[in-house]
Each structure stands twice: as structure tokens, then as C-alpha cells.
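The structure file protein_12.cif is reproduced below (mmCIF, C-alpha atoms and all ligand atoms).
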data_entry
loop_
_atom_site.label_atom_id
_atom_site.label_comp_id
_atom_site.auth_asym_id
_atom_site.auth_seq_id
_atom_site.Cartn_x
_atom_site.Cartn_y
_atom_site.Cartn_z
CA MET B 154 0.00 0.00 0.00
CA GLU B 155 1.45 3.40 -1.02
CA ILE B 156 1.21 6.26 1.49
CA LEU B 157 0.41 9.47 -0.39
CA SER B 158 1.68 11.93 2.28
CA GLY B 159 5.30 12.73 1.56
CA LEU B 160 5.14 11.93 -2.17
CA ASN B 161 5.90 14.65 -4.68
CA GLN B 162 4.03 15.29 -7.92
CA ALA B 163 6.23 12.91 -9.96
CA GLU B 164 5.84 10.12 -7.39
CA ILE B 165 2.05 10.53 -7.33
CA GLU B 166 2.07 10.41 -11.15
CA LYS B 167 3.65 6.95 -11.00
CA ILE B 168 0.60 5.77 -9.05
CA THR B 169 -1.91 7.47 -11.37
CA ASP B 170 -0.02 6.16 -14.43
CA ALA B 171 -0.32 2.62 -13.09
CA LEU B 172 -4.09 3.20 -12.77
CA ASN B 173 -4.19 4.61 -16.34
CA ALA B 174 -5.28 8.02 -15.06
CA SER B 175 -4.07 11.40 -16.35
CA LYS B 176 -1.37 13.63 -14.86
CA PHE B 177 -4.16 16.07 -13.98
CA ARG B 178 -5.50 13.48 -11.48
CA ALA B 179 -2.07 13.42 -9.87
CA ARG B 180 -2.17 17.23 -9.55
CA GLN B 181 -5.61 17.04 -7.90
CA ILE B 182 -4.41 14.40 -5.42
CA HIS B 183 -1.32 16.49 -4.65
CA ASN B 184 -3.51 19.51 -3.82
CA TRP B 185 -5.78 17.44 -1.60
CA ILE B 186 -2.80 16.15 0.36
CA TYR B 187 -0.72 19.32 0.84
CA LEU B 188 -3.04 22.28 0.49
CA LYS B 189 -6.40 20.93 1.61
CA SER B 190 -4.96 18.33 4.01
CA VAL B 191 -7.63 15.65 3.75
CA SER B 192 -7.59 12.60 6.00
CA SER B 193 -9.02 10.11 3.52
CA ILE B 194 -9.25 9.45 -0.21
CA ASP B 195 -13.05 9.66 0.06
CA GLU B 196 -12.71 13.37 0.81
CA MET B 197 -11.09 13.97 -2.63
CA THR B 198 -14.46 14.94 -4.03
CA ASP B 199 -13.34 16.09 -7.47
CA LEU B 200 -12.23 12.53 -8.28
CA SER B 201 -14.93 10.14 -9.52
CA VAL B 202 -16.23 7.58 -7.05
CA LYS B 203 -14.90 4.82 -9.33
CA PHE B 204 -11.40 6.31 -9.45
CA ARG B 205 -11.40 6.86 -5.67
CA GLU B 206 -12.17 3.14 -5.20
CA GLU B 207 -9.28 2.22 -7.53
CA LEU B 208 -6.96 4.57 -5.70
CA LYS B 209 -8.03 3.17 -2.30
CA SER B 210 -7.07 -0.32 -3.45
CA VAL B 211 -3.41 0.77 -3.87
CA ALA B 212 -2.93 3.84 -1.65
CA ALA B 213 -3.86 5.54 1.64
CA VAL B 214 -3.45 9.14 2.81
CA THR B 215 -1.35 8.41 5.89
CA ASP B 216 -0.10 5.76 8.30
CA VAL B 217 0.56 8.14 11.21
CA LYS B 218 -1.65 7.93 14.30
CA ILE B 219 -2.45 10.64 16.84
CA LYS B 220 -1.74 8.81 20.10
CA ALA B 221 -2.49 11.78 22.36
CA LYS B 222 -3.41 15.43 22.01
CA GLN B 223 -3.31 18.18 24.62
CA VAL B 224 -4.50 21.76 24.30
CA SER B 225 -2.88 24.42 26.47
CA SER B 226 -4.73 27.33 28.04
CA ASP B 227 -2.78 29.59 25.64
CA GLY B 228 -4.04 27.68 22.56
CA THR B 229 -0.83 25.70 21.97
CA ILE B 230 -1.57 22.13 20.90
CA LYS B 231 0.80 19.24 21.58
CA TYR B 232 0.43 15.99 19.67
CA LEU B 233 2.04 12.68 20.42
CA LEU B 234 2.30 10.90 17.07
CA GLU B 235 2.95 7.25 16.42
CA PHE B 236 4.77 6.05 13.31
CA SER B 237 4.34 2.68 11.60
CA ASP B 238 7.11 1.00 13.67
CA GLY B 239 5.50 2.10 16.96
CA GLU B 240 8.02 4.87 17.74
CA CYS B 241 6.52 8.18 18.90
CA VAL B 242 7.48 11.85 18.77
CA GLU B 243 5.84 15.06 19.85
CA THR B 244 4.97 17.93 17.60
CA VAL B 245 3.61 21.29 18.72
CA LEU B 246 1.40 23.91 17.07
CA MET B 247 1.87 27.42 18.40
CA ARG B 248 -0.44 30.33 17.71
CA PHE B 249 0.40 33.82 18.79
CA ASP B 250 -2.32 36.34 19.55
CA ASN B 251 -2.51 39.20 17.09
CA ARG B 252 -0.33 37.38 14.55
CA ALA B 253 -1.62 35.39 11.59
CA ASN B 254 1.30 32.96 11.85
CA LEU B 255 0.74 29.35 12.75
CA THR B 256 4.04 27.80 13.69
CA ALA B 257 4.68 24.05 13.81
CA CYS B 258 7.55 22.92 16.01
CA VAL B 259 8.66 19.61 14.51
CA SER B 260 10.88 16.79 15.76
CA SER B 261 13.72 15.47 13.61
CA GLN B 262 14.76 12.41 15.63
CA VAL B 263 13.33 10.01 18.20
CA GLY B 264 15.41 10.96 21.25
CA CYS B 265 18.72 12.82 20.91
CA ALA B 266 22.36 11.79 21.32
CA VAL B 267 23.61 15.26 22.33
CA ASN B 268 22.16 14.98 25.86
CA CYS B 269 22.31 18.58 27.07
CA SER B 270 21.94 18.78 30.84
CA PHE B 271 18.80 20.97 30.78
CA CYS B 272 16.76 19.09 28.15
CA ALA B 273 14.17 16.35 28.67
CA THR B 274 14.63 14.92 25.14
CA GLY B 275 18.33 14.19 25.64
CA LYS B 276 17.62 12.07 28.71
CA ARG B 277 16.16 9.32 26.52
CA GLY B 278 19.31 8.96 24.46
CA PHE B 279 19.19 8.53 20.71
CA ILE B 280 16.65 6.07 19.29
CA ARG B 281 16.52 6.78 15.55
CA ASN B 282 16.39 9.38 12.81
CA LEU B 283 13.05 10.40 11.34
CA THR B 284 12.62 10.07 7.59
CA ALA B 285 11.73 13.17 5.55
CA LYS B 286 8.22 11.75 5.21
CA GLU B 287 7.89 11.39 9.00
CA ILE B 288 9.02 14.99 9.45
CA ILE B 289 6.53 16.48 7.00
CA GLU B 290 3.74 14.17 8.27
CA GLN B 291 3.92 16.11 11.55
CA VAL B 292 2.77 19.25 9.75
CA LEU B 293 0.20 17.37 7.69
CA THR B 294 -1.26 15.84 10.85
CA ILE B 295 -1.63 19.30 12.39
CA GLN B 296 -3.29 20.62 9.23
CA ARG B 297 -5.66 17.64 9.00
CA ASP B 298 -6.61 17.84 12.65
CA THR B 299 -7.15 21.61 12.86
CA GLY B 300 -8.21 22.38 9.30
CA LEU B 301 -5.69 25.24 9.40
CA LYS B 302 -2.67 25.89 7.16
CA VAL B 303 0.69 26.00 8.88
CA THR B 304 2.67 29.11 7.84
CA ASN B 305 6.01 28.56 9.63
CA VAL B 306 8.04 25.53 10.64
CA VAL B 307 10.76 25.42 13.29
CA PHE B 308 12.98 22.36 13.80
CA MET B 309 12.93 22.79 17.57
CA GLY B 310 11.15 19.65 18.69
CA GLN B 311 12.93 16.47 19.70
CA GLY B 312 16.29 15.68 18.18
CA GLU B 313 19.34 17.39 16.69
CA PRO B 314 18.37 18.26 13.08
CA LEU B 315 21.96 18.58 11.88
CA LEU B 316 22.66 14.98 12.91
CA ASN B 317 19.89 13.97 10.49
CA LEU B 318 20.78 16.48 7.83
CA GLU B 319 19.86 14.62 4.67
CA ASN B 320 16.29 13.95 5.80
CA VAL B 321 15.91 17.45 7.23
CA LEU B 322 17.02 19.06 3.95
CA ARG B 323 14.68 16.82 1.98
CA ALA B 324 11.80 17.76 4.34
CA MET B 325 12.63 21.45 3.89
CA GLU B 326 12.48 21.01 0.13
CA ILE B 327 9.02 19.42 0.46
CA PHE B 328 7.85 22.25 2.78
CA ASN B 329 9.04 24.66 0.12
CA GLU B 330 7.76 23.02 -3.02
CA ASP B 331 4.74 21.00 -1.95
CA PHE B 332 3.42 22.97 1.05
CA GLN B 333 4.44 26.29 -0.52
CA ILE B 334 6.03 27.49 2.72
CA GLY B 335 8.81 29.96 1.83
CA ALA B 336 12.41 29.17 2.83
CA ARG B 337 12.48 32.22 5.12
CA ARG B 338 9.60 30.77 7.11
CA LEU B 339 11.66 27.71 8.05
CA THR B 340 14.09 27.69 11.00
CA VAL B 341 16.63 25.00 11.85
CA SER B 342 17.91 25.01 15.43
CA THR B 343 21.17 23.26 16.31
CA SER B 344 23.37 22.68 19.34
CA GLY B 345 26.30 23.62 17.06
CA ILE B 346 27.45 20.69 14.90
CA ILE B 347 30.24 22.55 13.12
CA PRO B 348 30.89 20.31 10.05
CA GLN B 349 27.18 20.37 9.22
CA ILE B 350 26.92 24.15 9.69
CA ASN B 351 29.76 24.40 7.15
CA LYS B 352 27.79 22.17 4.79
CA LEU B 353 24.73 24.43 5.12
CA ALA B 354 26.97 27.41 4.30
CA GLU B 355 28.17 25.67 1.10
CA PHE B 356 24.58 24.77 0.31
CA ASN B 357 23.72 28.50 0.68
CA MET B 358 20.73 27.81 2.92
CA GLN B 359 18.24 30.69 2.89
CA SER B 360 16.21 29.49 5.86
CA THR B 361 17.04 30.75 9.36
CA LEU B 362 19.82 29.03 11.25
CA ALA B 363 19.36 29.19 15.02
CA ILE B 364 22.26 28.27 17.31
CA SER B 365 21.69 26.99 20.84
CA LEU B 366 24.64 28.79 22.39
CA HIS B 367 23.39 29.07 25.98
CA ALA B 368 26.71 30.20 27.49
CA PRO B 369 29.10 33.16 27.26
CA ASN B 370 32.30 31.08 27.50
CA HIS B 371 33.81 27.61 27.10
CA ASN B 372 33.83 26.69 30.79
CA ILE B 373 30.17 27.44 31.43
CA ARG B 374 29.09 25.89 28.12
CA ARG B 375 30.90 22.60 28.72
CA LYS B 376 29.21 22.27 32.12
CA ILE B 377 25.72 22.42 30.61
CA MET B 378 26.33 21.13 27.05
CA LYS B 379 28.66 18.16 26.55
CA ILE B 380 28.86 18.97 22.84
CA GLU B 381 31.19 21.88 23.76
CA ASP B 382 34.01 19.36 24.31
CA LYS B 383 33.66 18.21 20.71
CA TYR B 384 32.75 21.49 18.98
CA ASN B 385 33.93 24.43 21.05
CA MET B 386 32.79 28.05 20.98
CA ALA B 387 35.98 29.37 19.37
CA ASP B 388 35.64 27.05 16.37
CA LEU B 389 31.88 27.65 16.33
CA LYS B 390 32.50 31.36 15.91
CA THR B 391 34.72 30.77 12.86
CA SER B 392 32.05 28.53 11.38
CA LEU B 393 29.25 31.06 12.04
CA LYS B 394 31.19 33.92 10.47
CA ASN B 395 31.82 31.77 7.41
CA TYR B 396 28.09 30.93 7.32
CA VAL B 397 27.12 34.60 7.34
CA ASP B 398 29.71 35.39 4.63
CA LYS B 399 28.50 32.60 2.36
CA THR B 400 24.73 32.98 2.80
CA GLY B 401 24.36 36.67 3.65
CA ARG B 402 21.83 35.61 6.28
CA ARG B 403 21.65 36.82 9.88
CA ILE B 404 21.89 34.03 12.45
CA THR B 405 19.61 33.64 15.48
CA ILE B 406 21.47 33.01 18.73
CA GLU B 407 19.37 31.15 21.29
CA TYR B 408 20.42 31.72 24.88
CA LEU B 409 18.78 29.70 27.62
CA LEU B 410 18.77 31.67 30.86
CA ILE B 411 19.30 29.51 33.93
CA LYS B 412 19.34 31.12 37.37
CA ASP B 413 22.86 31.43 38.81
CA VAL B 414 24.37 29.40 35.97
CA ASN B 415 24.64 31.84 33.05
CA ASP B 416 22.46 34.86 33.91
CA THR B 417 24.76 37.37 35.62
CA VAL B 418 25.76 40.86 34.49
CA GLU B 419 29.28 39.56 33.71
CA ASN B 420 27.78 36.74 31.64
CA ALA B 421 25.77 39.27 29.61
CA LYS B 422 28.84 41.40 28.97
CA GLU B 423 30.96 38.41 27.99
CA LEU B 424 28.23 37.15 25.67
CA ALA B 425 27.95 40.57 24.03
CA TYR B 426 31.70 40.54 23.44
CA TYR B 427 31.64 37.01 21.94
CA LEU B 428 28.82 37.99 19.58
CA SER B 429 30.16 41.44 18.70
CA ASP B 430 31.56 40.38 15.31
CA ILE B 431 28.78 37.92 14.38
CA LYS B 432 25.77 39.17 12.39
CA CYS B 433 22.98 37.90 14.62
CA ASN B 434 19.79 38.47 16.56
CA ILE B 435 19.50 37.08 20.07
CA ASN B 436 16.58 35.11 21.45
CA LEU B 437 16.57 34.70 25.22
CA ILE B 438 14.77 31.61 26.53
CA PRO B 439 14.02 31.60 30.27
CA TYR B 440 14.57 28.01 31.42
CA ASN B 441 11.47 25.79 31.46
CA PRO B 442 11.48 23.28 34.31
CA THR B 443 11.85 19.57 33.54
CA GLU B 444 11.78 16.71 36.02
CA GLN B 445 15.37 15.67 35.41
CA ASN B 446 17.42 18.46 36.99
CA ASP B 447 17.57 21.16 39.64
CA TYR B 448 17.95 24.21 37.42
CA LYS B 449 15.80 27.23 38.16
CA ARG B 450 14.19 29.85 35.98
CA PRO B 451 15.54 33.39 36.60
CA SER B 452 13.18 36.14 37.76
CA ASN B 453 11.58 38.35 35.09
CA ASN B 454 13.65 41.18 36.47
CA SER B 455 16.95 39.50 35.79
CA VAL B 456 15.76 38.40 32.32
CA MET B 457 14.97 42.03 31.50
CA LYS B 458 18.31 43.22 32.88
CA PHE B 459 20.15 40.64 30.76
CA LYS B 460 18.16 41.76 27.73
CA TYR B 461 18.96 45.40 28.36
CA LEU B 462 22.70 44.74 28.63
CA LEU B 463 22.73 42.87 25.33
CA GLU B 464 20.65 45.54 23.60
CA HIS B 465 23.14 48.07 24.78
CA SER B 466 25.72 46.25 22.62
CA GLY B 467 23.59 47.04 19.56
CA LYS B 468 21.94 43.66 19.01
CA LYS B 469 18.26 43.00 18.49
CA VAL B 470 17.11 40.91 21.47
CA THR B 471 13.81 39.12 21.97
CA VAL B 472 12.58 37.02 24.87
CA ARG B 473 10.90 33.80 23.76
CA LEU B 474 7.29 33.70 24.79
CA GLU B 475 6.60 30.63 26.82
CA ARG B 476 4.04 28.48 25.05
CA GLY B 477 2.25 25.44 26.38
CA ALA B 478 4.16 25.00 29.65
CA ASP B 479 1.00 23.71 31.36
CA ILE B 480 1.01 20.70 29.00
CA ASP B 481 4.82 20.18 28.96
CA ALA B 482 4.99 21.48 25.39
CA ALA B 483 7.47 24.30 26.03
CA CYS B 484 11.09 24.22 24.80
CA GLY B 485 13.05 21.36 26.31
CA GLN B 486 10.02 19.63 27.81
CA LEU B 487 9.39 17.17 24.96
CA LYS B 488 10.32 13.59 25.59
CA GLY B 489 7.90 11.49 23.55
CA LYS B 490 6.48 9.88 26.65
CA VAL B 491 3.38 7.64 26.93
CA CYS B 492 4.54 5.26 24.13
N1 LIG K 1 18.43 20.05 19.16
C1 LIG K 1 18.22 21.35 18.69
C2 LIG K 1 16.75 21.69 18.49
C3 LIG K 1 15.77 21.25 19.54
S1 LIG K 1 15.75 22.01 21.11
C4 LIG K 1 18.88 22.37 19.60
O1 LIG K 1 19.28 22.00 20.68
O2 LIG K 1 19.01 23.51 19.16
C5 LIG K 1 14.99 23.61 20.87
C6 LIG K 1 15.49 24.66 21.85
O3 LIG K 1 14.98 24.42 23.19
C7 LIG K 1 17.01 24.68 21.97
O4 LIG K 1 17.50 25.99 21.95
C8 LIG K 1 17.21 24.04 23.33
O5 LIG K 1 18.46 24.34 23.86
C9 LIG K 1 16.06 24.61 24.09
N2 LIG K 1 15.80 23.93 25.38
C10 LIG K 1 16.18 22.68 25.75
N3 LIG K 1 15.80 22.43 27.04
C11 LIG K 1 15.17 23.55 27.48
C12 LIG K 1 14.53 23.91 28.70
N4 LIG K 1 14.45 23.06 29.72
N5 LIG K 1 13.97 25.14 28.79
C13 LIG K 1 14.00 26.01 27.73
N6 LIG K 1 14.58 25.71 26.55
C14 LIG K 1 15.16 24.50 26.42
FE1 LIG K 2 19.32 17.37 21.85
FE2 LIG K 2 18.66 19.96 21.44
FE3 LIG K 2 17.83 18.65 23.67
FE4 LIG K 2 20.42 19.27 23.38
S1 LIG K 2 18.70 20.71 23.56
S2 LIG K 2 19.59 17.28 24.07
S3 LIG K 2 20.68 19.01 21.18
S4 LIG K 2 17.23 18.20 21.56
#

In C-alpha cells, write the structure found in this file.
Amino acid sequence: MEILSGLNQAEIEKITDALNASKFRARQIHNWIYLKSVSSIDEMTDLSVKFREELKSVAAVTDVKIKAKQVSSDGTIKYLLEFSDGECVETVLMRFDNRANLTACVSSQVGCAVNCSFCATGKRGFIRNLTAKEIIEQVLTIQRDTGLKVTNVVFMGQGEPLLNLENVLRAMEIFNEDFQIGARRLTVSTSGIIPQINKLAEFNMQSTLAISLHAPNHNIRRKIMKIEDKYNMADLKTSLKNYVDKTGRRITIEYLLIKDVNDTVENAKELAYYLSDIKCNINLIPYNPTEQNDYKRPSNNSVMKFKYLLEHSGKKVTVRLERGADIDAACGQLKGKVC
């Protein structure tokens, strides 16, 4: 049985060809899958009943199941999705008041090998990579379930996208071509896998690259992110400058603020100095509690002070709005549990 979600126009044509149907039928099916997000072939109402029956004998819309769904008081929806081999990941839909954007936060792996000290996903270890089809199915599932069209995608769910680069790039191509989501509306977040950042620079990626920096210097970073021992901040800086040179794109620096770990005035000044020659915006993320550690979220006052000090250095600084914390859907809280 062929699964239609994830197939491009040419791949759908192979199925319609085998059923002796025209290429126009393939175009209709493609629209039903990506733009109208139907859940079943029966909903493809501009295909004849006879052709729908033929199609149903060889193909289905999807093989992904919604295992659980939670809606936050702020409108954020978290889904636990099950793939055909029984593995599960979470995917989150975020809506922001007074903005038309609907942002899907997708997972790229089951678990994660990087194992940062503050993150619930890393605690599970690495289970497996997601295929490109499994990545885009997360957005299709959201669209089918809500009847809404996703406008932005961020690779900030479970997993390290740059350790599954081939499938992530393929998924981005499908978001671009089949979902018609512009490259600038896609964001890839990474803990800083330098060789892969260099590859993205060569590839001239036009989507946003977000770096989980989270520390102002090597010693603090290696305490909270083991990856620093493999890819350190000095080399990361060289790689980021090269990325900006090659792509012309501004980078987003993500900085998790953890009370008494990396949130002091000195830390802000040192961070500003480190970033002074990198073309970037800064996104501060106040730590979201997870069960696995004793870190604390800083007070709003110290977040604002940190922000002010960075702004003083001339950077654009935003504080990430917390979404879905009441349903464990906020950054770092995803662990694919239940399954
Ligand atoms: N693996 C990638 C993308 C997924 S994590 C990466 O690390 O960049 C998405 C973001 O959530 C990252 O910036 C990550 O550092 C952050 N995050 C992890 N745990 C968190 C927590 N407990 N509170 C707030 N943000 C967290
Ligand atoms: Fe992996 Fe990102 Fe979590 Fe680190 S923060 S363990 S890289 S998912």
C-alpha cells in the first residue's frame, strides 16, 4: 500500500499512471494532500467515485496515528504521534495572539544523542532518525486535525536536526515546493554541529539558522552542554562567520537563561563581546522546568536586565514567549512519553 503523504508530484504520477489516469489526477491528489490536508481518499471529491475506489485499493493518505493530544490554556496544541514502527514523537502547534502565523515545532529524531543537561529529550538517548516523510507528516497531521494551514516551521522539537541532515534538507524542500512554505519561514535550530553548519553554508541555505549557544564562554558551556568538548565556541564562531559570509543571512542566537548558571551581568557582557563580530539576533529563553534536573528559571527582572545589557551592545534581542508550559509542550520539555 502506497502512502500518499510525503510523495511529490512525480511520485504521485507513478501511481496514477499505473491506474491509467491522467497527470491532472495526480495534480488534484497532490492539492488534496498538501493544500487541503484531507484525511481520507473519500474526501477527494473532485475525483470520480470509481477512481477513488481504484486509488483506495493501492494507496492511503497516511499511516501516522495521533496517540495523544493536549490543548494548552494559551491555545498551543501538543500531539504525540505514532509512526508505523511504533516509535513516537511530539509535535507542537503554536499560535500567537494578534499574529496570523501558525508555527509548527517539529521533531527530527526520536530521542537525541547530544544529551544537554537541561533538556528532557536528551535524557532518553538517541533512538533513531526520522525520515523526511515522517518529518513532513507532523505538519500534515496538524493541518488535517485543525483544518488550518501552517505558515512557519521550526525544527525545535525532539532531536538534533543537523545529525539527520539529509532527511531534514529533503523535508525542507518538500515544505518549500509542496506545502508552498517559503524558505524564510523555516528555521533549523542546532546545538552547534560545526561540520554540518559548514555544509549548510556551502549549500547557501536561505532558511534561518538558530544556534543553541546558551553560554558566554567555554567553561560554562561545557558544564551544561557536553557537545562543547567536541565542537567548542571558538571554532563555532569561525564557522558562524563563514556561514554569514556565504549565505548573507543573519543568524539567530538562542540563549537559555538559567538562574545562577549563566544569567549574571558579567555573563551578559561576555556574551555581548563574543557575539560582537557575528551578524545575529538574540533570542533569550528563560529556562522551562523539567523533572530531570535542579535548574531554576531566573526572575523576570533578571531576564529584562540581561536583555537590556545585550541591547546596549547594539543587538536585536527578543525574549521567547513561553508556550504550552501547562502541558509540557514548552522548549526542552518534549520527551515522547506515553509510548
Ligand atoms: N536540538 C536542537 C533543536 C531542539 S531544542 C537544539 O538544541 O538547538 C529547541 C530549543 O529548546 C534549543 O534551543 C534548546 O536548547 C532549548 N531547550 C532545551 N531544554 C530547554 C529547557 N528546559 N527550557 C527552555 N529551553 C530549552
Ligand atoms: Fe538534543 Fe537539542 Fe535537547 Fe540538546 S537541547 S539534548 S541538542 S534536543

May I have a table of the residues of chain B lying at most 10 Å from ligand LIG 2 (chain K), giving each one's closest pair of atoms and their distance in Å to one decimal, counting all atoms listed in the file, ordered by chain and ascending residue number, as a Markdown table?
| residue | atom | partner | partner_atom | distance |
| --- | --- | --- | --- | --- |
| B:Ser260 | CA | K:LIG2 | S4 | 8.7 |
| B:Ser261 | CA | K:LIG2 | S4 | 9.1 |
| B:Gln262 | CA | K:LIG2 | S4 | 8.6 |
| B:Val263 | CA | K:LIG2 | S4 | 9.7 |
| B:Gly264 | CA | K:LIG2 | S4 | 7.5 |
| B:Cys265 | CA | K:LIG2 | FE1 | 4.7 |
| B:Ala266 | CA | K:LIG2 | FE1 | 6.4 |
| B:Val267 | CA | K:LIG2 | FE1 | 4.8 |
| B:Asn268 | CA | K:LIG2 | S2 | 3.9 |
| B:Cys269 | CA | K:LIG2 | FE4 | 4.2 |
| B:Ser270 | CA | K:LIG2 | S2 | 7.3 |
| B:Phe271 | CA | K:LIG2 | S1 | 7.2 |
| B:Cys272 | CA | K:LIG2 | FE3 | 4.6 |
| B:Ala273 | CA | K:LIG2 | FE3 | 6.6 |
| B:Thr274 | CA | K:LIG2 | FE3 | 5.1 |
| B:Gly275 | CA | K:LIG2 | S2 | 3.7 |
| B:Lys276 | CA | K:LIG2 | S2 | 7.2 |
| B:Arg277 | CA | K:LIG2 | S2 | 9.0 |
| B:Gly278 | CA | K:LIG2 | S2 | 8.3 |
| B:Phe279 | CA | K:LIG2 | FE1 | 8.9 |
| B:Phe308 | CA | K:LIG2 | S4 | 9.8 |
| B:Met309 | CA | K:LIG2 | S4 | 7.4 |
| B:Gly310 | CA | K:LIG2 | S4 | 6.9 |
| B:Gln311 | CA | K:LIG2 | S4 | 5.0 |
| B:Gly312 | CA | K:LIG2 | S4 | 4.3 |
| B:Glu313 | CA | K:LIG2 | S3 | 5.0 |
| B:Pro314 | CA | K:LIG2 | S3 | 8.5 |
| B:Leu315 | CA | K:LIG2 | S3 | 9.4 |
| B:Leu316 | CA | K:LIG2 | S3 | 9.4 |
| B:Ser342 | CA | K:LIG2 | FE2 | 7.9 |
| B:Thr343 | CA | K:LIG2 | S3 | 6.5 |
| B:Ser344 | CA | K:LIG2 | S3 | 4.9 |
| B:Gly345 | CA | K:LIG2 | S3 | 8.4 |
| B:Ile346 | CA | K:LIG2 | S3 | 9.4 |
| B:Ile364 | CA | K:LIG2 | FE2 | 10.0 |
| B:Ser365 | CA | K:LIG2 | S1 | 7.5 |
| B:His367 | CA | K:LIG2 | S1 | 9.9 |
| B:Ile377 | CA | K:LIG2 | FE4 | 9.5 |
| B:Met378 | CA | K:LIG2 | FE4 | 7.2 |
| B:Lys379 | CA | K:LIG2 | FE4 | 8.9 |
| B:Ile380 | CA | K:LIG2 | S3 | 8.3 |
| B:Leu409 | CA | K:LIG2 | S1 | 9.9 |
| B:Cys484 | CA | K:LIG2 | S1 | 8.5 |
| B:Gly485 | CA | K:LIG2 | FE3 | 6.1 |
| B:Gln486 | CA | K:LIG2 | FE3 | 8.9 |
| B:Leu487 | CA | K:LIG2 | S4 | 8.6 |
| B:Lys488 | CA | K:LIG2 | S4 | 9.2 |

Determine the nearest neighbour of ligand LIG 1 (chain K) from the options B:Asn161, B:Gln333, B:Asn317, B:Thr198, counting all atoms listed in the file.
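Of B:Asn161, B:Gln333, B:Asn317, B:Thr198, the one nearest ligand LIG 1 (chain K), counting all atoms listed in the file, is B:Asn317.
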
Surrounding residues of Leu410 in chain B excluding itself and chain neighbours under 6 positions, 8 Å, all atoms listed in the file, as a ChimeraX atom specification
/B:367,416,437-440,450-451,456

When you count only C-alpha atoms and all ligand atoms, which of these residues is closest to ligand LIG 1 (chain K): B:Ile480, B:Leu353, B:Met325, B:Leu474?
B:Leu474

Straight-line distance linking CA of Lys176 in chain B with CA of Glu326 in chain B, stated in Å to one decimal:
21.7 Å

Ligand LIG 1 (chain K), all listed atoms, 8 Å padding on each side: what axis-aligned box centre and edge lengths in Å to one decimal come out, as JSON?
{"center_x": 16.6, "center_y": 23.0, "center_z": 24.1, "size_x": 21.3, "size_y": 22.0, "size_z": 27.2}

Go through B:Phe177, B:Tyr408, B:Phe356, B:Tyr384 and flag the residue nearest ligand LIG 1 (chain K), using all atoms listed in the file for the distances.
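Looking at the shortest contact to ligand LIG 1 (chain K), the residue is B:Tyr408.
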
Which protein, DNA or RNA residues are at most 6 Å from (3.8, 25.1, 16.1) in the file's coordinates when you count all atoms listed in the file, listed as a list of chain:residue names?
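The answer, in the requested form, is B:Val245, B:Leu246, B:Met247, B:Thr256, B:Ala257, B:Cys258.
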
Go through B:Asn357, B:Asn385, B:Thr244, B:Thr294 one by one, measure the shortest atom-to-atom distance of each to ligand LIG 1 (chain K) using only C-alpha atoms and all ligand atoms, and give the residue with the smallest value.
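Nearest to ligand LIG 1 (chain K): B:Thr244.
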
Which protein, DNA or RNA residues have an atom at most 7 Å from (16.1, 33.9, 9.5), counting only C-alpha atoms? List them as a list in words.
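All residues meeting the 7 Å criterion around (16.1, 33.9, 9.5) are Arg337, Thr340, Ser360, Thr361, Leu362, Arg402, Arg403, Ile404 and Thr405 of chain B.
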
Measuring atom to atom with all atoms listed in the file, identify which of B:Phe249, B:Tyr187, B:Phe204, B:Phe328 is nearest to Gln296 in chain B.
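Smallest separation from Gln296 in chain B among the options: B:Tyr187.
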
For range 352-357 of chain B, which lacks atoms in the input, supply all heavy atoms and format the output as a PDB file, in the frame of the given file.
ATOM      1  N   LYS B 352      28.493  22.712   5.964  1.00  0.00           N
ATOM      2  CA  LYS B 352      27.790  22.170   4.790  1.00  0.00           C
ATOM      3  C   LYS B 352      26.619  23.077   4.399  1.00  0.00           C
ATOM      4  O   LYS B 352      26.377  23.327   3.226  1.00  0.00           O
ATOM      5  CB  LYS B 352      27.225  20.776   5.101  1.00  0.00           C
ATOM      6  CG  LYS B 352      28.188  19.672   4.829  1.00  0.00           C
ATOM      7  CD  LYS B 352      27.453  18.344   4.767  1.00  0.00           C
ATOM      8  CE  LYS B 352      28.487  17.231   4.787  1.00  0.00           C
ATOM      9  NZ  LYS B 352      27.934  15.956   5.207  1.00  0.00           N
ATOM     10  N   LEU B 353      25.877  23.549   5.409  1.00  0.00           N
ATOM     11  CA  LEU B 353      24.730  24.430   5.120  1.00  0.00           C
ATOM     12  C   LEU B 353      25.216  25.741   4.483  1.00  0.00           C
ATOM     13  O   LEU B 353      24.539  26.311   3.635  1.00  0.00           O
ATOM     14  CB  LEU B 353      23.944  24.733   6.398  1.00  0.00           C
ATOM     15  CG  LEU B 353      23.168  23.559   6.984  1.00  0.00           C
ATOM     16  CD1 LEU B 353      22.460  23.982   8.266  1.00  0.00           C
ATOM     17  CD2 LEU B 353      22.152  23.009   5.986  1.00  0.00           C
ATOM     18  N   ALA B 354      26.393  26.193   4.893  1.00  0.00           N
ATOM     19  CA  ALA B 354      26.970  27.410   4.300  1.00  0.00           C
ATOM     20  C   ALA B 354      27.258  27.162   2.820  1.00  0.00           C
ATOM     21  O   ALA B 354      26.910  27.977   1.960  1.00  0.00           O
ATOM     22  CB  ALA B 354      28.234  27.803   5.045  1.00  0.00           C
ATOM     23  N   GLU B 355      27.868  26.015   2.500  1.00  0.00           N
ATOM     24  CA  GLU B 355      28.170  25.670   1.100  1.00  0.00           C
ATOM     25  C   GLU B 355      26.887  25.551   0.288  1.00  0.00           C
ATOM     26  O   GLU B 355      26.812  25.930  -0.869  1.00  0.00           O
ATOM     27  CB  GLU B 355      28.931  24.329   1.011  1.00  0.00           C
ATOM     28  CG  GLU B 355      30.346  24.366   1.537  1.00  0.00           C
ATOM     29  CD  GLU B 355      31.159  25.506   0.955  1.00  0.00           C
ATOM     30  OE1 GLU B 355      31.061  25.758  -0.255  1.00  0.00           O
ATOM     31  OE2 GLU B 355      31.866  26.185   1.733  1.00  0.00           O
ATOM     32  N   PHE B 356      25.882  25.017   0.937  1.00  0.00           N
ATOM     33  CA  PHE B 356      24.580  24.770   0.310  1.00  0.00           C
ATOM     34  C   PHE B 356      23.813  26.101   0.110  1.00  0.00           C
ATOM     35  O   PHE B 356      22.825  26.180  -0.576  1.00  0.00           O
ATOM     36  CB  PHE B 356      23.832  23.825   1.260  1.00  0.00           C
ATOM     37  CG  PHE B 356      22.471  23.407   0.838  1.00  0.00           C
ATOM     38  CD1 PHE B 356      22.311  22.520  -0.204  1.00  0.00           C
ATOM     39  CD2 PHE B 356      21.334  23.885   1.491  1.00  0.00           C
ATOM     40  CE1 PHE B 356      21.035  22.121  -0.590  1.00  0.00           C
ATOM     41  CE2 PHE B 356      20.069  23.491   1.112  1.00  0.00           C
ATOM     42  CZ  PHE B 356      19.926  22.597   0.059  1.00  0.00           C
ATOM     43  N   ASN B 357      24.322  27.169   0.753  1.00  0.00           N
ATOM     44  CA  ASN B 357      23.720  28.500   0.680  1.00  0.00           C
ATOM     45  C   ASN B 357      22.270  28.499   1.186  1.00  0.00           C
ATOM     46  O   ASN B 357      21.365  29.019   0.532  1.00  0.00           O
ATOM     47  CB  ASN B 357      23.812  29.042  -0.752  1.00  0.00           C
ATOM     48  CG  ASN B 357      23.523  30.538  -0.811  1.00  0.00           C
ATOM     49  OD1 ASN B 357      23.522  31.231   0.217  1.00  0.00           O
ATOM     50  ND2 ASN B 357      23.248  31.031  -2.001  1.00  0.00           N
TER      51      ASN B 357
END
